[in-house]
file entry22.tsv (TSV, C-alpha atoms and all ligand atoms)
chain	number	residue	atom	x	y	z
R	179	MET	CA	17.92	7.94	-6.65
R	180	ARG	CA	17.88	10.90	-8.99
R	181	LYS	CA	14.67	12.91	-8.89
R	182	LYS	CA	13.06	13.25	-12.32
R	183	ILE	CA	12.53	16.70	-13.81
R	184	VAL	CA	9.91	17.94	-16.23
R	185	ALA	CA	11.07	21.34	-17.44
R	186	GLY	CA	9.34	23.67	-19.87
R	187	ASN	CA	11.14	26.23	-22.02
R	188	TRP	CA	8.60	28.78	-23.17
R	189	LYS	CA	11.20	30.48	-25.40
R	190	MET	CA	10.05	33.94	-26.64
R	191	ASN	CA	6.36	33.32	-26.03
R	192	LYS	CA	3.73	34.73	-23.66
R	193	ASN	CA	3.49	38.25	-22.31
R	194	PRO	CA	3.08	38.76	-18.54
R	195	PHE	CA	-0.74	38.77	-18.73
R	196	GLU	CA	-0.77	35.45	-20.56
R	197	ALA	CA	2.03	34.09	-18.38
R	198	ILE	CA	0.05	34.77	-15.20
R	199	GLU	CA	-2.91	32.80	-16.56
R	200	ILE	CA	-0.72	29.85	-17.52
R	201	ALA	CA	1.07	29.91	-14.17
R	202	LYS	CA	-2.28	29.80	-12.34
R	203	LYS	CA	-3.36	26.83	-14.43
R	204	LEU	CA	-0.11	24.97	-13.80
R	205	LYS	CA	-0.40	25.69	-10.10
R	206	ASN	CA	-3.93	24.28	-10.00
R	207	GLU	CA	-3.41	21.29	-12.25
R	208	ILE	CA	0.09	19.95	-11.67
R	209	LYS	CA	-0.14	17.63	-8.71
R	210	ASN	CA	2.30	18.11	-5.87
R	211	ASN	CA	4.58	15.16	-5.42
R	212	ASN	CA	7.93	14.37	-3.89
R	213	ASP	CA	9.23	12.14	-6.68
R	214	SER	CA	9.71	14.69	-9.43
R	215	GLU	CA	10.26	18.38	-10.01
R	216	THR	CA	8.63	20.78	-12.44
R	217	ILE	CA	10.51	23.84	-13.65
R	218	ILE	CA	9.36	26.47	-16.15
R	219	PHE	CA	11.83	28.68	-17.99
R	220	VAL	CA	9.95	31.84	-18.90
R	221	PRO	CA	10.90	35.05	-20.74
R	222	SER	CA	12.71	37.61	-18.54
R	223	ILE	CA	9.73	39.96	-18.53
R	224	ASP	CA	7.55	37.21	-17.00
R	225	LEU	CA	9.94	36.08	-14.27
R	226	PHE	CA	8.71	38.32	-11.51
R	227	CYS	CA	4.95	37.96	-12.03
R	228	VAL	CA	5.16	34.20	-12.53
R	229	SER	CA	7.27	33.80	-9.41
R	230	GLU	CA	4.64	35.74	-7.42
R	231	ILE	CA	1.94	33.33	-8.60
R	232	LEU	CA	4.02	30.21	-7.99
R	233	LYS	CA	5.76	31.15	-4.77
R	234	ALA	CA	3.62	28.87	-2.62
R	235	SER	CA	3.71	26.00	-5.11
R	236	GLN	CA	6.19	23.23	-5.86
R	237	ILE	CA	6.69	24.50	-9.41
R	238	LYS	CA	10.03	26.19	-9.85
R	239	ILE	CA	10.89	29.05	-12.14
R	240	GLY	CA	13.97	29.61	-14.22
R	241	ALA	CA	15.41	32.24	-16.54
R	242	GLN	CA	16.20	31.42	-20.15
R	243	ASN	CA	19.29	33.59	-20.15
R	244	PHE	CA	21.43	36.05	-18.19
R	245	TYR	CA	24.76	37.82	-18.73
R	246	PHE	CA	27.91	36.69	-16.94
R	247	GLU	CA	28.72	40.07	-15.31
R	248	ASN	CA	26.95	41.11	-12.10
R	249	ASN	CA	25.98	44.65	-13.16
R	250	GLY	CA	27.22	47.57	-15.23
R	251	ALA	CA	26.98	49.05	-18.71
R	252	TYR	CA	25.51	46.02	-20.51
R	253	THR	CA	22.39	47.46	-22.10
R	254	GLY	CA	19.61	44.95	-22.49
R	255	GLU	CA	21.05	42.31	-20.20
R	256	ILE	CA	20.07	40.91	-16.80
R	257	SER	CA	22.48	39.26	-14.36
R	258	ALA	CA	22.56	36.12	-12.27
R	259	GLN	CA	22.75	38.35	-9.22
R	260	MET	CA	19.50	40.09	-10.21
R	261	LEU	CA	17.85	36.72	-10.75
R	262	LYS	CA	18.89	35.52	-7.32
R	263	GLU	CA	17.64	38.73	-5.72
R	264	THR	CA	14.27	38.14	-7.42
R	265	GLY	CA	14.04	34.62	-6.00
R	266	ILE	CA	14.87	32.79	-9.23
R	267	ASN	CA	16.93	29.67	-8.63
R	268	TYR	CA	17.37	28.12	-12.10
R	269	ALA	CA	18.67	29.32	-15.46
R	270	LEU	CA	19.29	27.78	-18.86
R	271	VAL	CA	22.84	28.18	-20.08
R	272	GLY	CA	24.05	27.55	-23.61
R	273	HIS	CA	20.77	26.71	-25.29
R	274	SER	CA	21.51	26.02	-28.96
R	275	GLU	CA	19.30	28.94	-30.00
R	276	ARG	CA	21.54	31.26	-27.98
R	277	ARG	CA	24.67	29.66	-29.35
R	278	ILE	CA	23.50	29.86	-32.96
R	279	LEU	CA	21.39	33.02	-33.09
R	280	PHE	CA	23.20	35.13	-30.51
R	281	GLY	CA	26.77	33.97	-30.93
R	282	GLU	CA	27.31	32.49	-27.47
R	283	ASN	CA	30.55	30.57	-27.43
R	284	ASP	CA	31.98	27.98	-25.06
R	285	GLU	CA	33.98	30.57	-23.15
R	286	MET	CA	30.90	32.69	-22.42
R	287	ILE	CA	28.98	29.60	-21.44
R	288	ASN	CA	31.73	28.60	-19.02
R	289	LYS	CA	31.64	32.09	-17.46
R	290	LYS	CA	27.86	31.90	-17.11
R	291	ILE	CA	28.02	28.50	-15.39
R	292	ALA	CA	30.57	29.89	-12.91
R	293	ARG	CA	28.49	33.00	-12.28
R	294	ALA	CA	25.25	31.08	-11.78
R	295	LEU	CA	26.91	28.78	-9.24
R	296	GLU	CA	28.43	31.74	-7.43
R	297	HIS	CA	24.87	33.04	-6.87
R	298	GLN	CA	23.45	29.61	-5.97
R	299	ILE	CA	21.48	29.44	-9.19
R	300	THR	CA	21.23	25.97	-10.68
R	301	PRO	CA	22.42	26.17	-14.27
R	302	VAL	CA	20.82	23.85	-16.80
R	303	LEU	CA	23.64	23.43	-19.28
R	304	CYS	CA	22.35	22.64	-22.77
R	305	VAL	CA	24.47	20.68	-25.23
R	306	GLY	CA	23.70	19.06	-28.55
R	307	GLU	CA	25.02	18.30	-32.00
R	308	ASN	CA	23.71	19.42	-35.37
R	309	LEU	CA	22.58	17.08	-38.13
R	310	GLN	CA	25.86	17.24	-40.01
R	311	GLN	CA	27.83	16.27	-36.92
R	312	ARG	CA	25.46	13.35	-36.29
R	313	GLU	CA	25.70	12.15	-39.88
R	314	ASN	CA	29.49	12.33	-39.73
R	315	ASN	CA	29.64	10.34	-36.48
R	316	LEU	CA	31.02	13.32	-34.59
R	317	THR	CA	28.27	13.49	-31.96
R	318	THR	CA	30.08	11.93	-29.02
R	319	GLU	CA	33.29	13.82	-29.61
R	320	PHE	CA	31.42	17.12	-29.96
R	321	ILE	CA	29.27	16.65	-26.86
R	322	ARG	CA	32.32	15.67	-24.80
R	323	MET	CA	34.05	18.86	-25.94
R	324	GLN	CA	30.99	20.99	-25.09
R	325	ILE	CA	30.76	19.52	-21.59
R	326	LYS	CA	34.48	19.85	-20.92
R	327	SER	CA	34.66	23.47	-22.00
R	328	ALA	CA	31.48	24.49	-20.16
R	329	LEU	CA	32.78	22.95	-16.93
R	330	LYS	CA	36.38	24.16	-17.19
R	331	ASN	CA	37.62	25.15	-13.71
R	332	ILE	CA	34.24	24.38	-12.12
R	333	LYS	CA	35.05	22.75	-8.80
R	334	LEU	CA	33.76	19.38	-7.71
R	335	LYS	CA	31.88	20.86	-4.76
R	336	ASN	CA	29.81	23.03	-7.14
R	337	ALA	CA	29.49	20.67	-10.05
R	338	GLY	CA	26.90	18.48	-8.32
R	339	LYS	CA	24.36	21.30	-8.52
R	340	ILE	CA	24.42	21.46	-12.30
R	341	ILE	CA	21.72	19.92	-14.48
R	342	ILE	CA	22.54	18.99	-18.06
R	343	ALA	CA	20.14	18.93	-20.98
R	344	TYR	CA	21.03	16.96	-24.09
R	345	GLU	CA	19.20	18.66	-26.93
R	346	PRO	CA	20.21	17.51	-30.42
R	347	ILE	CA	19.74	20.56	-32.65
R	348	TRP	CA	18.14	18.51	-35.41
R	349	ALA	CA	15.39	17.45	-33.01
R	350	ILE	CA	14.49	20.90	-31.69
R	351	GLY	CA	11.17	22.18	-32.98
R	352	THR	CA	11.28	19.76	-35.89
R	353	GLY	CA	8.95	17.04	-34.63
R	354	LYS	CA	11.89	14.65	-35.17
R	355	THR	CA	12.70	13.21	-31.76
R	356	ALA	CA	15.87	11.30	-31.09
R	357	ASP	CA	14.64	7.78	-30.44
R	358	LYS	CA	14.97	6.53	-26.91
R	359	ASN	CA	18.16	4.57	-27.64
R	360	GLN	CA	19.87	7.46	-29.44
R	361	ALA	CA	19.00	9.78	-26.54
R	362	GLN	CA	20.09	7.24	-23.93
R	363	GLU	CA	23.40	6.62	-25.70
R	364	ILE	CA	24.40	10.28	-25.56
R	365	CYS	CA	23.08	10.84	-22.02
R	366	TYR	CA	25.23	7.88	-20.97
R	367	GLU	CA	28.25	9.45	-22.71
R	368	ILE	CA	27.58	12.69	-20.86
R	369	ARG	CA	27.55	10.80	-17.57
R	370	LYS	CA	30.76	9.08	-18.57
R	371	VAL	CA	32.57	12.34	-19.30
R	372	LEU	CA	31.32	13.77	-15.99
R	373	GLY	CA	32.87	10.72	-14.33
R	374	GLU	CA	36.16	11.45	-16.06
R	375	ILE	CA	36.16	15.15	-15.14
R	376	TYR	CA	35.01	14.60	-11.55
R	377	ASN	CA	34.26	11.12	-10.25
R	378	LEU	CA	31.76	8.30	-10.71
R	379	ASN	CA	29.83	9.19	-7.60
R	380	LEU	CA	29.18	12.72	-8.78
R	381	ALA	CA	28.42	11.50	-12.30
R	382	SER	CA	25.75	9.18	-10.94
R	383	GLN	CA	24.06	12.07	-9.10
R	384	ILE	CA	23.84	14.72	-11.83
R	385	ARG	CA	20.48	14.93	-13.57
R	386	ILE	CA	20.61	14.69	-17.36
R	387	LEU	CA	17.53	15.70	-19.34
R	388	TYR	CA	16.62	15.08	-22.95
R	389	GLY	CA	15.11	17.85	-25.08
R	390	GLY	CA	13.97	17.96	-28.69
R	391	SER	CA	10.35	17.45	-29.76
R	392	VAL	CA	9.32	15.81	-26.50
R	393	ASN	CA	5.56	15.37	-26.39
R	394	LEU	CA	2.90	13.45	-24.53
R	395	LYS	CA	3.36	10.39	-26.76
R	396	ASN	CA	7.13	9.97	-26.46
R	397	ALA	CA	7.85	11.39	-22.99
R	398	ASP	CA	7.33	8.21	-20.96
R	399	GLU	CA	9.55	5.97	-23.06
R	400	LEU	CA	12.34	8.55	-23.11
R	401	PHE	CA	12.16	9.22	-19.38
R	402	GLU	CA	12.27	5.52	-18.57
R	403	MET	CA	15.75	5.19	-20.01
R	404	GLN	CA	18.48	4.61	-17.50
R	405	ASP	CA	20.43	7.84	-17.93
R	406	ILE	CA	17.57	10.17	-18.86
R	407	ASP	CA	16.24	11.97	-15.81
R	408	GLY	CA	13.43	13.88	-17.48
R	409	GLY	CA	12.94	16.40	-20.25
R	410	LEU	CA	13.40	19.98	-21.36
R	411	ILE	CA	10.30	20.65	-23.37
R	412	GLY	CA	9.78	23.52	-25.82
R	413	GLY	CA	6.64	23.54	-27.96
R	414	ALA	CA	4.66	21.11	-25.80
R	415	SER	CA	5.35	23.18	-22.66
R	416	LEU	CA	2.83	25.73	-23.95
R	417	LYS	CA	0.11	23.13	-24.33
R	418	GLU	CA	-2.06	21.08	-21.98
R	419	ASP	CA	0.36	18.24	-22.73
R	420	PHE	CA	2.88	19.74	-20.33
R	421	ILE	CA	0.50	19.26	-17.41
R	422	SER	CA	-0.10	15.64	-18.41
R	423	ILE	CA	3.62	14.96	-18.84
R	424	ALA	CA	4.35	16.47	-15.42
R	425	ASN	CA	1.56	14.49	-13.79
R	426	ASN	CA	2.41	11.24	-15.60
R	427	ILE	CA	6.03	11.27	-14.54
R	428	CYS	CA	5.09	10.87	-10.91
R	429	LYS	CA	2.91	7.85	-11.74
R	430	THR	CA	5.76	6.00	-13.42
R	431	ASN	CA	7.67	3.84	-11.02
R	432	PHE	CA	11.38	4.38	-11.50
R	433	ALA	CA	12.24	2.98	-8.09
R	434	ASP	CA	13.65	-0.28	-9.40
R	435	MET	CA	15.91	1.36	-11.90
R	436	GLU	CA	19.54	0.73	-11.40
R	437	ILE	CA	21.87	3.71	-11.30
R	438	HIS	CA	25.02	3.08	-13.25
R	439	VAL	CA	27.86	5.02	-14.79
R	501	LIG	P1	10.94	21.54	-28.74
R	501	LIG	O1	10.40	20.70	-27.62
R	501	LIG	O2	9.95	22.54	-29.26
R	501	LIG	O3	11.56	20.71	-29.80
R	501	LIG	O4	12.12	22.45	-28.11
R	501	LIG	C1	13.10	21.84	-27.35
R	501	LIG	C2	13.90	22.89	-26.71
R	501	LIG	O5	14.62	23.64	-27.35
R	501	LIG	C3	13.80	23.02	-25.25
R	501	LIG	O6	14.80	23.84	-24.75

call {"tool": "encode", "arguments": {"input": "entry22.tsv", "output": "structure tokens", "more": "lines below"}}
Ligand code: 13P
result
Amino acid sequence: MRKKIVAGNWKMNKNPFEAIEIAKKLKNEIKNNNDSETIIFVPSIDLFCVSEILKASQIKIGAQNFYFENNGAYTGEISAQMLKETGINYALVGHSERRILFGENDEMINKKIARALEHQITPVLCVGENLQQRENNLTTEFIRMQIKSALKNIKLKNAGKIIIAYEPIWAIGTGKTADKNQAQEICYEIRKVLGEIYNLNLASQIRILYGGSVNLKNADELFEMQDIDGGLIGGASLKEDFISIANNICKTNFADMEIHV
């Protein structure tokens, strides 16, 4: 049984003073449970203070980005090694905003995945097509290519630690959510390609999240789909909604759901 995940991506929002207040609220209001996990991806400047607040809680903290070298003359960057030494165990890799706005390519993303795993950081690999690719029926082919290049040379024994987030670019921050069947179809394809690269057993264990305008109204129906193991939430992660989504997910009974690949 794959444990569901409700993850929040704060993006470039909230200074450390604000972040501390939000972290305290999440700590008080998100109920502890063993059936799901909550992770928040905060700006680099907030990582340390938020981790101090949440260290005794079940809520986990992740970085939104890091560079693929361990240290050196890379002005402005932080490394996976630094994250690990600060007690951070998760990091987003290949978010579409980083690919589009900061020129991250598949090769860099592959290096980051390898580096995160080397430092026992769980990478959350983000993939997703743009509107033109969807309209031209290129979605599956493109997502398969993104997964294959991100996981190039990543060994089976490490691959099981990865989490994948399917985030169609046209659904990010637009209020236009992929409907539950569109999201399920691609999450299933992702599981299928993982089965081809590794094996069916591993493919059935990896958690695949959906992201793109997830909110309190659509979260439950998306997360109930067979291959969707939770969400990566942007805008709504900065609202009260995030607490409700995280608390609702543990009320939903997924126990009877069949795992398939
Ligand atoms: P929104 O939920 O604001 O659409 O953002 C999704 C996202 O990019 C999460 O990483």

call {"tool": "residues_near_ligand", "arguments": {"input": "entry22.tsv", "ligand": "ligand LIG 501 (chain R)", "cutoff": "10 Å", "atoms": "all atoms listed in the file", "output": "number ranges by chain"}}
result
R: 185-189, 219, 242, 270, 273-275, 302, 304, 343-355, 388-393, 409-416

call {"tool": "atom_distance", "arguments": {"input": "entry22.tsv", "atom1": "atom CA of R:Ile237", "atom2": "atom CA of R:Lys290"}}
result
23.7 Å

call {"tool": "atom_distance", "arguments": {"input": "entry22.tsv", "atom1": "atom CA of R:Ala258", "atom2": "atom CA of R:Gly306"}}
result
23.6 Å

call {"tool": "residues_around", "arguments": {"input": "entry22.tsv", "residues": "R:Glu207", "least_positions_apart": "6", "cutoff": "10 Å", "atoms": "all atoms listed in the file", "output": "PyMOL selection string"}}
result
chain R and resi 201+418+421-422+424-425

call {"tool": "residues_around", "arguments": {"input": "entry22.tsv", "residues": "R:Arg276", "least_positions_apart": "4", "cutoff": "12 Å", "atoms": "only C-alpha atoms", "output": "JSON, numbers by chain"}}
result
{"R": [189, 190, 242, 243, 244, 245, 270, 271, 272, 280, 281, 282, 283, 284, 286, 287, 303, 304, 305, 347]}

call {"tool": "atom_distance", "arguments": {"input": "entry22.tsv", "atom1": "atom CA of R:Leu279", "atom2": "atom CA of R:Val220"}}
result
18.3 Å

call {"tool": "residues_near_point", "arguments": {"input": "entry22.tsv", "point": "(30.9, 21.3, -29.3)", "cutoff": "10 Å", "atoms": "only C-alpha atoms", "output": "number ranges by chain"}}
result
R: 283-284, 305-308, 311, 316-328

call {"tool": "residues_around", "arguments": {"input": "entry22.tsv", "residues": "stretch 395-397 of chain R", "least_positions_apart": "5", "cutoff": "9 Å", "atoms": "only C-alpha atoms", "output": "VMD selection string"}}
result
chain R and resid 355 357 to 358 402 408 to 409 423 427

call {"tool": "closest_residue", "arguments": {"input": "entry22.tsv", "among": "R:Ser257, R:Asn210, R:Asn426, R:Gln310", "to": "R:Ala234", "atoms": "only C-alpha atoms"}}
result
R:Asn210

call {"tool": "closest_residue", "arguments": {"input": "entry22.tsv", "among": "R:Val371, R:Leu387, R:Ala294, R:Ile256", "to": "R:Asn336", "atoms": "only C-alpha atoms"}}
result
R:Ala294

call {"tool": "closest_residue", "arguments": {"input": "entry22.tsv", "among": "R:Asn267, R:Thr216, R:Ser222, R:Ser229", "to": "R:Ile198", "atoms": "all atoms listed in the file"}}
result
R:Ser229

call {"tool": "closest_residue", "arguments": {"input": "entry22.tsv", "among": "R:Ile340, R:Ile231, R:Thr253, R:Tyr268", "to": "R:Ile218", "atoms": "all atoms listed in the file"}}
result
R:Tyr268

call {"tool": "closest_residue", "arguments": {"input": "entry22.tsv", "among": "R:Leu372, R:Ile200, R:Leu400, R:Met179", "to": "R:Gln360", "atoms": "all atoms listed in the file"}}
result
R:Leu400

call {"tool": "residues_around", "arguments": {"input": "entry22.tsv", "residues": "stretch 381-385 of chain R", "least_positions_apart": "2", "cutoff": "10 Å", "atoms": "only C-alpha atoms", "output": "number ranges by chain"}}
result
R: 179-183, 302, 337-343, 365-366, 368-379, 387, 405-408, 437-439

call {"tool": "write_last_selection", "arguments": {"input": "entry22.tsv", "atoms": "C-alpha atoms", "output": "PDB file, in the frame of the given file"}}
result
ATOM      1  CA  MET R 179      17.920   7.940  -6.650  1.00  0.00           C
ATOM      2  CA  ARG R 180      17.880  10.900  -8.990  1.00  0.00           C
ATOM      3  CA  LYS R 181      14.670  12.910  -8.890  1.00  0.00           C
ATOM      4  CA  LYS R 182      13.060  13.250 -12.320  1.00  0.00           C
ATOM      5  CA  ILE R 183      12.530  16.700 -13.810  1.00  0.00           C
ATOM      6  CA  VAL R 302      20.820  23.850 -16.800  1.00  0.00           C
ATOM      7  CA  ALA R 337      29.490  20.670 -10.050  1.00  0.00           C
ATOM      8  CA  GLY R 338      26.900  18.480  -8.320  1.00  0.00           C
ATOM      9  CA  LYS R 339      24.360  21.300  -8.520  1.00  0.00           C
ATOM     10  CA  ILE R 340      24.420  21.460 -12.300  1.00  0.00           C
ATOM     11  CA  ILE R 341      21.720  19.920 -14.480  1.00  0.00           C
ATOM     12  CA  ILE R 342      22.540  18.990 -18.060  1.00  0.00           C
ATOM     13  CA  ALA R 343      20.140  18.930 -20.980  1.00  0.00           C
ATOM     14  CA  CYS R 365      23.080  10.840 -22.020  1.00  0.00           C
ATOM     15  CA  TYR R 366      25.230   7.880 -20.970  1.00  0.00           C
ATOM     16  CA  ILE R 368      27.580  12.690 -20.860  1.00  0.00           C
ATOM     17  CA  ARG R 369      27.550  10.800 -17.570  1.00  0.00           C
ATOM     18  CA  LYS R 370      30.760   9.080 -18.570  1.00  0.00           C
ATOM     19  CA  VAL R 371      32.570  12.340 -19.300  1.00  0.00           C
ATOM     20  CA  LEU R 372      31.320  13.770 -15.990  1.00  0.00           C
ATOM     21  CA  GLY R 373      32.870  10.720 -14.330  1.00  0.00           C
ATOM     22  CA  GLU R 374      36.160  11.450 -16.060  1.00  0.00           C
ATOM     23  CA  ILE R 375      36.160  15.150 -15.140  1.00  0.00           C
ATOM     24  CA  TYR R 376      35.010  14.600 -11.550  1.00  0.00           C
ATOM     25  CA  ASN R 377      34.260  11.120 -10.250  1.00  0.00           C
ATOM     26  CA  LEU R 378      31.760   8.300 -10.710  1.00  0.00           C
ATOM     27  CA  ASN R 379      29.830   9.190  -7.600  1.00  0.00           C
ATOM     28  CA  LEU R 387      17.530  15.700 -19.340  1.00  0.00           C
ATOM     29  CA  ASP R 405      20.430   7.840 -17.930  1.00  0.00           C
ATOM     30  CA  ILE R 406      17.570  10.170 -18.860  1.00  0.00           C
ATOM     31  CA  ASP R 407      16.240  11.970 -15.810  1.00  0.00           C
ATOM     32  CA  GLY R 408      13.430  13.880 -17.480  1.00  0.00           C
ATOM     33  CA  ILE R 437      21.870   3.710 -11.300  1.00  0.00           C
ATOM     34  CA  HIS R 438      25.020   3.080 -13.250  1.00  0.00           C
ATOM     35  CA  VAL R 439      27.860   5.020 -14.790  1.00  0.00           C
TER      36      VAL R 439
END

call {"tool": "axis_aligned_box", "arguments": {"input": "entry22.tsv", "around": "stretch 266-281 of chain R", "padding_each_side": "3 Å", "output": "AutoDock Vina command-line options"}}
result
--center_x 20.8 --center_y 30.6 --center_z -20.9 --size_x 17.9 --size_y 15.1 --size_z 30.5
